[in-house]
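Colleague: Compact mmCIF, C-alpha atoms, file my_file04.txt:
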```txt
# COMPACT_ATOMS: atom_id res chain seq x y z
CA LYS A 1 4.52 61.94 -16.15
CA GLY A 2 7.65 60.38 -14.71
CA ASP A 3 5.60 57.42 -13.48
CA ALA A 4 4.24 56.63 -16.95
CA LYS A 5 6.97 54.06 -17.62
CA CYS A 6 5.80 52.22 -14.48
CA THR A 7 2.05 52.47 -14.98
CA SER A 8 2.32 51.19 -18.55
CA CYS A 9 2.78 47.75 -16.96
CA HIS A 10 1.49 48.21 -13.42
CA ASP A 11 -2.19 48.91 -14.12
CA GLU A 12 -5.55 48.13 -12.47
CA SER A 13 -5.68 44.60 -13.89
CA GLU A 14 -2.53 43.52 -12.06
CA SER A 15 -2.85 40.70 -9.49
CA VAL A 16 -0.69 42.67 -7.06
CA PRO A 17 -2.48 46.05 -7.00
CA VAL A 18 0.55 48.36 -7.09
CA LEU A 19 -1.51 51.12 -8.66
CA SER A 20 -3.77 51.30 -5.59
CA ILE A 21 -1.19 53.73 -4.17
CA ALA A 22 -3.15 56.33 -6.14
CA LYS A 23 -5.91 55.96 -3.53
CA THR A 24 -3.56 56.93 -0.69
CA LYS A 25 -1.95 60.19 0.42
CA HIS A 26 1.13 59.10 -1.53
CA GLY A 27 -0.90 59.38 -4.72
CA VAL A 28 -2.41 62.86 -4.44
CA ALA A 29 -1.35 64.45 -7.73
CA LYS A 30 -2.15 68.03 -6.66
CA ASP A 31 0.13 67.84 -3.63
CA GLY A 32 3.64 69.02 -4.53
CA ARG A 33 5.11 66.76 -1.82
CA THR A 34 3.75 63.60 -3.42
CA PRO A 35 6.58 61.19 -4.26
CA THR A 36 6.92 59.42 -7.58
CA CYS A 37 7.65 55.72 -8.10
CA VAL A 38 11.29 56.65 -8.65
CA SER A 39 11.42 58.58 -5.36
CA CYS A 40 11.06 55.32 -3.46
CA HIS A 41 12.15 52.59 -5.87
CA GLY A 42 14.99 54.33 -7.74
CA GLU A 43 15.42 54.70 -11.50
CA SER A 44 15.38 50.89 -11.95
CA GLU A 45 16.32 50.95 -15.63
CA THR A 46 16.92 47.19 -15.89
CA HIS A 47 13.54 46.58 -14.27
CA ALA A 48 11.70 48.87 -16.66
CA ASN A 49 13.67 47.68 -19.70
CA LYS A 50 14.50 44.01 -19.15
CA PRO A 51 17.78 43.03 -20.85
CA GLU A 52 17.23 40.40 -23.57
CA ALA A 53 19.82 38.06 -22.08
CA VAL A 54 17.98 37.91 -18.77
CA LYS A 55 15.08 35.47 -18.32
CA VAL A 56 13.60 36.94 -15.13
CA ARG A 57 12.98 40.68 -14.94
CA PRO A 58 15.37 42.22 -12.36
CA ALA A 59 13.81 43.76 -9.27
CA THR A 60 13.66 47.51 -8.79
CA GLU A 61 16.76 49.21 -7.38
CA ARG A 62 15.03 49.61 -4.03
CA ASN A 63 12.32 47.13 -3.10
CA PHE A 64 10.76 46.51 0.26
CA GLY A 65 9.36 42.98 0.19
CA LYS A 66 10.50 39.97 2.20
CA LYS A 67 13.13 39.11 -0.43
CA SER A 68 14.61 42.61 -0.37
CA LYS A 69 18.38 42.85 0.05
CA LEU A 70 18.10 46.25 1.72
CA THR A 71 18.76 46.55 5.44
CA ALA A 72 16.04 47.89 7.74
CA ASP A 73 17.93 51.21 7.97
CA GLU A 74 18.13 51.50 4.19
CA LYS A 75 14.41 50.84 3.83
CA SER A 76 13.47 53.37 6.49
CA ALA A 77 15.85 55.97 5.06
CA VAL A 78 13.66 56.13 1.96
CA CYS A 79 10.66 57.07 4.12
CA THR A 80 12.49 59.47 6.41
CA THR A 81 13.60 61.62 3.48
CA CYS A 82 10.04 63.01 3.69
CA HIS A 83 8.72 61.90 7.07
CA GLN A 84 10.83 63.99 9.44
CA GLY A 85 10.11 66.05 12.53
CA GLY A 86 6.93 65.96 14.60
CA LYS A 87 6.03 62.44 15.66
CA HIS A 88 8.95 61.07 13.64
CA MET A 89 11.73 63.20 15.12
CA ASN A 90 12.93 60.46 17.51
CA TRP A 91 12.80 57.61 14.98
CA ASN A 92 16.55 56.96 14.75
CA SER A 93 16.82 56.41 18.51
CA SER A 94 13.52 54.53 18.84
CA ALA A 95 13.23 50.93 20.02
CA HIS A 96 11.94 49.85 16.61
CA ALA A 97 14.77 51.47 14.62
CA THR A 98 17.50 50.15 16.93
CA ARG A 99 16.07 46.62 16.65
CA ASP A 100 16.10 46.60 12.84
CA VAL A 101 12.38 47.14 12.33
CA ALA A 102 11.77 49.05 9.09
CA CYS A 103 8.83 51.32 8.35
CA THR A 104 7.52 48.76 5.86
CA SER A 105 7.58 46.05 8.53
CA CYS A 106 4.44 47.70 9.91
CA HIS A 107 3.12 50.03 7.19
CA GLN A 108 1.52 49.01 3.90
CA VAL A 109 2.19 51.78 1.42
CA HIS A 110 0.45 50.51 -1.73
CA THR A 111 -2.97 50.11 -0.18
CA ALA A 112 -5.78 52.48 0.72
CA HIS A 113 -6.23 50.62 4.01
CA ASP A 114 -3.00 50.69 6.02
CA LYS A 115 -3.78 48.48 9.02
CA VAL A 116 -1.63 50.41 11.49
CA ARG A 117 -3.58 53.59 10.72
CA ASP A 118 -6.87 51.82 11.54
CA LYS A 119 -7.76 51.91 15.23
CA ARG A 120 -9.34 48.44 15.22
CA ALA A 121 -6.74 46.73 13.01
CA GLN A 122 -3.60 48.34 14.46
CA PRO A 123 -3.23 46.05 17.53
CA GLU A 124 -3.07 42.94 15.34
CA VAL A 125 -0.05 44.41 13.57
CA CYS A 126 1.64 45.16 16.90
CA TYR A 127 0.82 41.69 18.27
CA THR A 128 2.87 40.15 15.45
CA CYS A 129 5.90 40.88 17.64
CA HIS A 130 4.38 41.78 21.00
CA LYS A 131 2.98 38.36 21.97
CA GLN A 132 2.91 39.00 25.72
CA GLN A 133 0.79 42.11 25.25
CA ARG A 134 -1.68 40.13 23.14
CA ALA A 135 -2.14 37.68 26.00
CA GLU A 136 -2.47 40.43 28.62
CA VAL A 137 -5.05 42.41 26.65
CA ASN A 138 -7.29 39.31 26.63
CA LYS A 139 -7.31 39.12 30.45
CA PRO A 140 -10.47 40.25 32.33
CA SER A 141 -9.24 43.72 33.36
CA HIS A 142 -7.78 45.62 30.41
CA HIS A 143 -7.86 48.86 28.48
CA PRO A 144 -10.65 48.72 25.86
CA ILE A 145 -8.35 47.73 23.00
CA PRO A 146 -10.26 44.57 21.94
CA GLU A 147 -13.44 46.64 21.99
CA GLY A 148 -11.90 49.12 19.52
CA LYS A 149 -12.28 52.13 21.82
CA MET A 150 -8.53 52.76 21.99
CA THR A 151 -5.40 51.40 20.38
CA CYS A 152 -1.67 50.98 21.03
CA SER A 153 -0.70 54.37 19.60
CA ASP A 154 -2.97 56.17 22.07
CA CYS A 155 -0.28 55.50 24.68
CA HIS A 156 2.83 54.68 22.62
CA ASN A 157 4.59 56.63 19.89
CA VAL A 158 6.03 53.76 17.89
CA HIS A 159 8.29 56.18 16.02
CA GLY A 160 10.13 56.95 19.27
CA SER A 161 9.74 59.48 22.05
CA ALA A 162 11.74 61.26 24.72
CA GLY A 163 9.93 59.26 27.41
CA GLU A 164 10.32 55.68 28.60
CA LYS A 165 8.83 52.75 26.69
CA SER A 166 8.07 54.99 23.69
CA LEU A 167 5.20 56.64 25.56
CA VAL A 168 3.45 59.61 24.00
CA LYS A 169 4.27 61.70 27.07
CA ASP A 170 7.56 62.02 28.92
CA THR A 171 6.49 59.81 31.85
CA THR A 172 4.11 56.93 32.54
CA ASN A 173 1.98 59.09 34.83
CA ALA A 174 1.71 61.95 32.34
CA THR A 175 0.53 59.45 29.72
CA CYS A 176 -2.08 57.97 32.09
CA PHE A 177 -3.35 61.41 33.08
CA THR A 178 -4.29 62.21 29.48
CA CYS A 179 -7.36 60.00 30.09
CA HIS A 180 -7.39 59.54 33.88
CA ALA A 181 -7.26 63.25 34.76
CA GLU A 182 -9.18 62.73 38.01
CA LYS A 183 -6.23 60.73 39.38
CA ARG A 184 -3.80 63.63 38.95
CA GLY A 185 -4.61 65.36 42.25
CA PRO A 186 -3.35 67.13 44.26
CA PHE A 187 -4.78 65.14 47.14
CA ILE A 188 -4.51 65.79 50.86
CA HIS A 189 -3.22 62.27 51.44
CA ASN A 190 -1.20 61.32 48.36
CA HIS A 191 -0.45 57.63 47.82
CA GLN A 192 3.28 57.88 47.19
CA PRO A 193 3.62 54.91 44.79
CA VAL A 194 1.08 56.65 42.54
CA VAL A 195 3.11 59.85 42.55
CA GLU A 196 6.11 57.78 41.47
CA ASN A 197 4.60 55.56 38.78
CA CYS A 198 1.08 54.24 38.14
CA SER A 199 2.52 50.95 36.84
CA ASN A 200 3.89 50.17 40.32
CA CYS A 201 0.37 48.85 40.97
CA HIS A 202 -1.28 48.61 37.55
CA ASN A 203 -0.43 46.55 34.48
CA PRO A 204 -1.86 48.78 31.72
CA HIS A 205 -2.18 46.01 29.12
CA GLY A 206 -4.32 43.71 31.26
CA THR A 207 -4.45 41.51 34.32
CA THR A 208 -6.68 39.12 36.22
```
If you took the structure in this file and wrote it as structure tokens, what would it be?
Modeller:
Amino acid sequence: KGDAKCTSCHDESESVPVLSIAKTKHGVAKDGRTPTCVSCHGESETHANKPEAVKVRPATERNFGKKSKLTADEKSAVCTTCHQGGKHMNWNSSAHATRDVACTSCHQVHTAHDKVRDKRAQPEVCYTCHKQQRAEVNKPSHHPIPEGKMTCSDCHNVHGSAGEKSLVKDTTNATCFTCHAEKRGPFIHNHQPVVENCSNCHNPHGTT
């Protein structure tokens, strides 16, 4: 009911399909955790009721587009009011957060198809910044990312982790062993560089 003042204008016929959020987890009416428009965008009274003296309707109190005046931290703070703990518990100390990357820099909230949650589409979002990794993944020997059999988040927790390079496990080796269990050992004749770090010999993104 609180969203009615928004949906009276933002309906299905709109060129920018704001209402498509209803097709996402953020629009499940029966879930008590579901946010309202106001939860993310603020009360935005001047946006909902444009003052007569103003020609252009003012933006919402909190908006997340390219013209937004909010800092990356302010944008992400809106998301982290709900998304806490679990995979998000290290967000504030993550490489993305400390380099002013906001949640909305990667995630699309008002669409049923969020590219970073799609195994095949996710790498293209990551490659927007990670140019070197794009080049390496296209080399002859690579993890099957272009083939769609795995994606960046299979190895990296982009929301931050206790391990190095935002890996899903605490060490490089522990992350590799989640798939390459046969390399774990123990072996009679251990190759010491392997015990130390698989990436001493292997470039996981791709090589010739």
Colleague: Just to confirm, what's the straight-line distance from CA of Lys30 (chain A) to CA of Thr80 (chain A) in Å (one decimal)?
Modeller: 21.4 Å
Colleague: What would the list of residues within 10 Å of (7.4, 60.7, 23.6) (file frame) look like as a VMD selection string, if all atoms listed in the file are what count?
Modeller: chain A and resid 87 89 to 90 94 155 to 171 175
Colleague: Just the residues within 12 Å of region 52-62 of chain A, please, counting only C-alpha atoms, with nothing from its chain fewer than 2 positions along; format it as a CSV table (one decimal) with C-alpha atoms, keeping the file's coordinate frame.
Modeller:
```
chain,number,residue,atom,x,y,z
A,6,CYS,CA,5.8,52.2,-14.5
A,37,CYS,CA,7.6,55.7,-8.1
A,38,VAL,CA,11.3,56.6,-8.6
A,39,SER,CA,11.4,58.6,-5.4
A,40,CYS,CA,11.1,55.3,-3.5
A,41,HIS,CA,12.2,52.6,-5.9
A,42,GLY,CA,15.0,54.3,-7.7
A,43,GLU,CA,15.4,54.7,-11.5
A,44,SER,CA,15.4,50.9,-12.0
A,45,GLU,CA,16.3,51.0,-15.6
A,46,THR,CA,16.9,47.2,-15.9
A,47,HIS,CA,13.5,46.6,-14.3
A,48,ALA,CA,11.7,48.9,-16.7
A,49,ASN,CA,13.7,47.7,-19.7
A,50,LYS,CA,14.5,44.0,-19.2
A,64,PHE,CA,10.8,46.5,0.3
A,65,GLY,CA,9.4,43.0,0.2
A,67,LYS,CA,13.1,39.1,-0.4
A,68,SER,CA,14.6,42.6,-0.4
A,69,LYS,CA,18.4,42.8,0.0
A,70,LEU,CA,18.1,46.2,1.7
A,71,THR,CA,18.8,46.6,5.4
A,72,ALA,CA,16.0,47.9,7.7
A,74,GLU,CA,18.1,51.5,4.2
A,75,LYS,CA,14.4,50.8,3.8
A,76,SER,CA,13.5,53.4,6.5
A,77,ALA,CA,15.8,56.0,5.1
A,78,VAL,CA,13.7,56.1,2.0
A,79,CYS,CA,10.7,57.1,4.1
```
Colleague: With all atoms listed in the file as the basis for distance, which of A:Ala174, A:Gln192, A:Cys126, A:His110 is at the shortest distance from Val16 (chain A)?
Modeller: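 Answer, going by the shortest atom-to-atom distance: A:His110.
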Colleague: So how far away is CA of Cys176 (chain A) from CA of Val194 (chain A), in Å?
Modeller: 11.0 Å
Colleague: Within 12 Å of Arg134 (chain A), counting all atoms listed in the file, which residues qualify if same-chain residues fewer than 3 places away don't, as a list in words?
Modeller: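 Contacts, in chain order: Pro123, Glu124, Val125, Cys126, Tyr127, Thr128, Cys129, His130, Lys131, Val137, Asn138, Lys139, His142, His143, Ile145, Pro146, Cys152, His205, Gly206 and Thr207 of chain A.
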Colleague: Which residue, A:Ser13, A:Ile21, A:Asp73, A:Gly2, has the smallest gap to Ala102 (chain A) when you use all atoms listed in the file?
Modeller: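 Of all the options, A:Asp73 lies closest to Ala102 (chain A).
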Colleague: Separation of CA of Thr36 (chain A) and CA of Asp100 (chain A), in Å?
Modeller: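 Taking CA of Thr36 (chain A) as the start and CA of Asp100 (chain A) as the end point, the length is 25.8 Å.
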Colleague: From the options A:His191, A:His26, A:Lys5, A:His83, which residue's atoms come nearest to Gln108 (chain A), counting all atoms listed in the file?
Modeller: A:His26
Colleague: I'd like to know which of A:Thr208, A:Thr34, A:Asn63, A:Ser105 is closest to Pro140 (chain A), using only C-alpha atoms.
Modeller: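 Closest to Pro140 (chain A), using only C-alpha atoms: A:Thr208.
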Colleague: Which residue gives the smallest distance to Val109 (chain A) among A:Ala29, A:Glu12, A:Pro35, A:Gly185, with all atoms listed in the file counted?
Modeller: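 Going through A:Ala29, A:Glu12, A:Pro35, A:Gly185 one by one, the smallest distance to Val109 (chain A) is for A:Pro35.
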